[in-house]
Amino acid sequence: MPHQKHANLYAYAVKCIFTYKARSISIISSLVIATVVLGTVAFLADGLEREAELSAAFAPDVTVQYLQAGRQIPIPVTWGEIISRMAGVKVVPRVWGYVYFRNRLYTVMGIDPSKMPIPHEINLAMASGRFLKADDEKVAVVGDVLANSFGLRVGDALVLYDQSMRPFHVKVVGIFTSDVRLYMADLILITIADARAFFGMEENVATDLCVYVEDPAQTRSVAELILRDVPNARVLTRRILREALLAAYGARSGFVSVIWLILLVSVMLVAWNQACAASTEARREVGILKALGFGTADILEVRLIETVVLGTLSASIGIFLAIVYTVYLGAPILKEFMLGWAAIYPEFPLPLHIKFSTLFTLYAVAVFPLLVGTVIPAWTSATTEPDAVMRGT
Amino acid sequence: MSRERLVFLLGLCLVGTNLIHATHSELQYRYASRAVSAVVSSVGFVGLVLSSECTATRNPILEQMCACLGDIPGAYCYHVSCAIVGIPLIGNQTDQIAVIHLR
């Protein structure tokens, strides 16, 4: 009955875990703490990276801004007309800026609904009301955080004041769903004509230009042509935006790498500690087992099972606690470190992503160093003659 | 119940719970990404709410050494050329939003 033999060895390994309580508790507690910290940071960092990738993935192929004295200024629409003369290129101007309320910034964005590529799925992003239409005037679609803060509903009137406190009335026709809160939380979306009127911008300028290229393979050459033809242009391709965002969020979670190092060192110390403890007690135990008929392979199997059980159990508890801490408790303390100022927004959604790959990495990091720290001393003691071990020679 | 069975069941439950959470998270992202893609396509590139300020100023560790006041001469941010006014170092702004409830 080979299965029965392995079951017995498993039972003996579990008994060993309970017998050497101090050793087991020290390993489990250190691994649990390390896995909780690493798991929490990994889930948050993965969430941030995922959101950054998503925002860049559906951005225009090229975004063109205009610089003067190194600062961004409105871009003349005539440059857009020049760019749109390139084959297979479509240019859509946007106007955007900020308004303050109780020292919080809210983004006012003006788009041209007749020219922007609005997919049918836009309804998935609406909690109530509708998206902007081509013939809309003085209407707005707002983010759900903004709507909740002001108690806004579809049909309400929103009064925006420009820098000289002249009022600009818009009617709320839609509110974005919380699924897109990370992008639209503080957004007031209006038509480009309304945005120009509100910000006091002339008809012939825009804040930036969204450039769409028919053949994505031509994006780079189009970007180079824009740089050549438009003086003082800041040309941002989708790839550059993606890389910049990932770098920014990678740097934001920069201390992840430090935590990784701390985790690795702590796990190695635990493994070393286990190896030291095993060297004297386990050698004597191994001698007795071998005298009772256990083979070298059996003893190695017992040690392997013991290590895998300890590592898997510790990692499972740690990951579970990390999930509870982030998903259900909202990662207090660590959230402020990871998101910084974002905490100023009420009910801010924590960008979390629990990836399968991260889960398996956490298990591997917990189990593998323990295995390394256990197998070598277990092999040394398992290959020793039983009489020599029991006599202590 | 024997100890070995208890340990096995405990491990199984924990691994299962963790996998269920991971599956839920993956599915949630897959569904939400359709709404996100629709919105981002419709309005063009829009930064995450997190990064509507310079990423460094939003970091409590770095914000002490990063002014990010691009609109004040000489107070440029040397981390990112973000050209956005930072909130903490400027005076109170006038409120620019009001609401009229029509119901």
# chains A, B, ... in the order shown; residues from 1 in each chain; ligands from 1
$ select_by_dssp --residues "region 287-334 of chain A" --states "alpha helix (DSSP H)" --output "count of residues only"
34
$ residues_around --residues "Met126 (chain A)" --least-positions-apart "5" --cutoff "7 Å" --atoms "only C-alpha atoms" --output "PDB file with C-alpha atoms, in the first residue's frame"
ATOM      1  CA  GLY A 174     -25.238  61.830 -16.735  1.00  0.00           C
ATOM      2  CA  ILE A 175     -23.209  60.431 -13.857  1.00  0.00           C
ATOM      3  CA  PHE A 176     -20.366  57.972 -14.366  1.00  0.00           C
ATOM      4  CA  THR A 177     -20.454  54.634 -12.610  1.00  0.00           C
TER       5      THR A 177
END
$ closest_residue --among "A:Val367, A:Ala147, A:Ala197, A:Ala233" --to "Gln68 (chain A)" --atoms "only C-alpha atoms"
A:Ala233
$ atom_distance --atom1 "CA of Ile118 (chain A)" --atom2 "CA of Val180 (chain A)"
15.4 Å
$ residues_around --residues "Glu81 (chain A)" --least-positions-apart "2" --cutoff "12 Å" --atoms "only C-alpha atoms" --output "list in words"
Ile75, Pro76, Val77, Thr78, Trp79, Ile83, Ser84, Arg85, Met86, Val89, Lys90, Val91, Val92, Pro93, Asn204, Val205, Leu209, Val211, Ile226, Asp229 and Val230 of chain A
$ write_last_selection --atoms "C-alpha atoms" --output "compact mmCIF listing (two decimals), in the first residue's frame"
# COMPACT_ATOMS: atom_id res chain seq x y z
CA ILE A 75 -2.20 74.98 -29.09
CA PRO A 76 -3.50 76.78 -32.22
CA VAL A 77 -6.06 74.60 -34.02
CA THR A 78 -4.30 75.43 -37.30
CA TRP A 79 -1.54 73.02 -36.24
CA ILE A 83 -1.33 67.43 -38.91
CA SER A 84 -4.64 66.11 -40.28
CA ARG A 85 -3.33 66.60 -43.83
CA MET A 86 -1.07 63.59 -43.25
CA VAL A 89 -4.47 60.74 -39.63
CA LYS A 90 -7.44 62.22 -37.73
CA VAL A 91 -7.02 65.07 -35.25
CA VAL A 92 -9.50 65.90 -32.48
CA PRO A 93 -8.90 68.95 -30.27
CA ASN A 204 -8.94 78.79 -32.72
CA VAL A 205 -7.08 77.18 -29.80
CA LEU A 209 -4.76 67.57 -29.76
CA VAL A 211 -4.22 62.31 -32.96
CA ILE A 226 4.59 66.16 -36.14
CA ASP A 229 6.41 70.17 -38.70
CA VAL A 230 5.09 71.65 -35.44
$ residues_around --residues "Val7 (chain B)" --least-positions-apart "6" --cutoff "9 Å" --atoms "only C-alpha atoms" --output "list in words"
Val14, Val309 and Leu313 of chain A
$ residues_around --residues "Leu310 (chain A)" --least-positions-apart "6" --cutoff "10 Å" --atoms "only C-alpha atoms" --output "ChimeraX atom specification"
/A:14,17,24-25,27-28,31,304,316,366-367,370 /B:7,11
$ write_last_selection --atoms "N, CA and C atoms" --output "compact mmCIF listing (two decimals), in the first residue's frame"
# COMPACT_ATOMS: atom_id res chain seq x y z
N VAL A 14 3.32 15.93 10.36
CA VAL A 14 2.43 16.86 11.08
C VAL A 14 2.67 16.75 12.58
N ILE A 17 5.57 18.76 13.54
CA ILE A 17 5.26 20.20 13.59
C ILE A 17 4.72 20.56 14.98
N SER A 24 8.16 25.64 15.13
CA SER A 24 7.06 25.81 14.17
C SER A 24 6.44 27.19 14.28
N ILE A 25 6.23 27.64 15.55
CA ILE A 25 5.60 28.95 15.74
C ILE A 25 6.50 30.06 15.19
N ILE A 27 8.70 29.91 12.80
CA ILE A 27 8.68 29.90 11.32
C ILE A 27 7.36 30.46 10.80
N ILE A 28 6.25 29.96 11.36
CA ILE A 28 4.94 30.40 10.87
C ILE A 28 4.75 31.90 11.07
N LEU A 31 6.99 34.04 8.72
CA LEU A 31 6.53 33.94 7.32
C LEU A 31 5.19 34.63 7.12
N LEU A 304 10.65 16.97 3.98
CA LEU A 304 10.07 17.75 2.87
C LEU A 304 8.61 18.07 3.13
N SER A 316 -0.45 30.71 3.15
CA SER A 316 -1.91 30.80 3.01
C SER A 316 -2.50 31.76 4.04
N ALA A 366 7.54 31.81 -0.08
CA ALA A 366 7.42 31.29 1.28
C ALA A 366 7.99 29.87 1.40
N VAL A 367 7.76 29.04 0.40
CA VAL A 367 8.11 27.63 0.51
C VAL A 367 9.55 27.34 0.06
N LEU A 370 12.56 27.88 2.46
CA LEU A 370 12.45 26.91 3.56
C LEU A 370 12.95 25.54 3.11
N VAL B 7 -5.03 19.87 9.84
CA VAL B 7 -4.04 20.71 9.15
C VAL B 7 -4.30 20.70 7.64
N GLY B 11 -5.41 24.01 5.52
CA GLY B 11 -4.61 24.45 4.36
C GLY B 11 -5.46 24.54 3.11
$ select_by_dssp --residues "region 70-281 of chain A" --states "strand (DSSP E or B)" --output "number ranges by chain"
A: 71-73, 75-76, 89-101, 104-111, 126-129, 139-142, 157-161, 167-176, 187-191, 205-206, 208-213, 233-237
$ closest_residue --among "A:Arg228, A:Arg238, A:Arg283, A:Arg220" --to "chain B" --atoms "only C-alpha atoms"
A:Arg238
$ residues_around --residues "Ile299 (chain A)" --least-positions-apart "6" --cutoff "9 Å" --atoms "only C-alpha atoms" --output "short mmCIF file (atom, residue, chain, number, x, y, z; two decimals) with C-alpha atoms, in the first residue's frame"
data_model
loop_
_atom_site.label_atom_id
_atom_site.label_comp_id
_atom_site.auth_asym_id
_atom_site.auth_seq_id
_atom_site.Cartn_x
_atom_site.Cartn_y
_atom_site.Cartn_z
CA LEU A 9 4.80 9.80 6.65
CA VAL A 286 16.80 10.41 12.69
CA LEU A 289 13.97 6.35 13.09
CA LYS A 290 16.67 4.60 11.09
CA ALA A 378 17.99 16.71 6.50
CA TRP A 379 20.17 14.95 3.91
CA ALA A 382 19.57 11.12 7.08
#
$ residues_around --residues "Pro351 (chain A)" --least-positions-apart "5" --cutoff "10 Å" --atoms "only C-alpha atoms" --output "short mmCIF file (atom, residue, chain, number, x, y, z; two decimals) with N, CA and C atoms, in the first residue's frame"
data_model
loop_
_atom_site.label_atom_id
_atom_site.label_comp_id
_atom_site.auth_asym_id
_atom_site.auth_seq_id
_atom_site.Cartn_x
_atom_site.Cartn_y
_atom_site.Cartn_z
N PHE A 43 -0.53 43.51 -4.05
CA PHE A 43 -1.89 43.67 -4.55
C PHE A 43 -2.14 45.13 -4.96
N LEU A 44 -1.67 46.06 -4.13
CA LEU A 44 -1.84 47.49 -4.44
C LEU A 44 -1.03 47.89 -5.67
N ALA A 45 0.22 47.44 -5.71
CA ALA A 45 1.10 47.81 -6.84
C ALA A 45 0.55 47.23 -8.14
N ASP A 46 0.07 45.99 -8.08
CA ASP A 46 -0.52 45.37 -9.29
C ASP A 46 -1.75 46.15 -9.74
N GLY A 47 -2.57 46.59 -8.76
CA GLY A 47 -3.77 47.36 -9.09
C GLY A 47 -3.42 48.67 -9.76
N LEU A 48 -2.42 49.37 -9.21
CA LEU A 48 -1.99 50.65 -9.80
C LEU A 48 -1.45 50.45 -11.21
N GLU A 49 -0.63 49.43 -11.37
CA GLU A 49 -0.04 49.17 -12.69
C GLU A 49 -1.12 48.82 -13.71
N ARG A 50 -2.06 48.03 -13.26
CA ARG A 50 -3.14 47.60 -14.15
C ARG A 50 -3.96 48.82 -14.63
N GLU A 51 -4.28 49.71 -13.68
CA GLU A 51 -5.06 50.90 -14.04
C GLU A 51 -4.26 51.79 -14.99
N LEU A 182 -11.78 55.65 -10.76
CA LEU A 182 -10.36 55.99 -10.71
C LEU A 182 -9.96 56.95 -11.82
N THR A 326 -6.51 44.39 2.85
CA THR A 326 -6.66 45.30 1.71
C THR A 326 -8.11 45.38 1.23
N VAL A 327 -8.72 44.22 1.00
CA VAL A 327 -10.06 44.21 0.39
C VAL A 327 -11.14 44.64 1.38
N LEU A 339 -0.68 55.69 -1.90
CA LEU A 339 -1.47 56.61 -2.71
C LEU A 339 -1.20 58.07 -2.41
#
$ atom_distance --atom1 "CA of Phe58 (chain A)" --atom2 "CA of Ser41 (chain B)"
5.4 Å
$ closest_residue --among "A:Pro386, A:Gly200, A:Gly293, A:Gly143" --to "chain B" --atoms "only C-alpha atoms"
A:Gly143
$ atom_distance --atom1 "CA of Val141 (chain A)" --atom2 "CA of Ser128 (chain A)"
9.8 Å
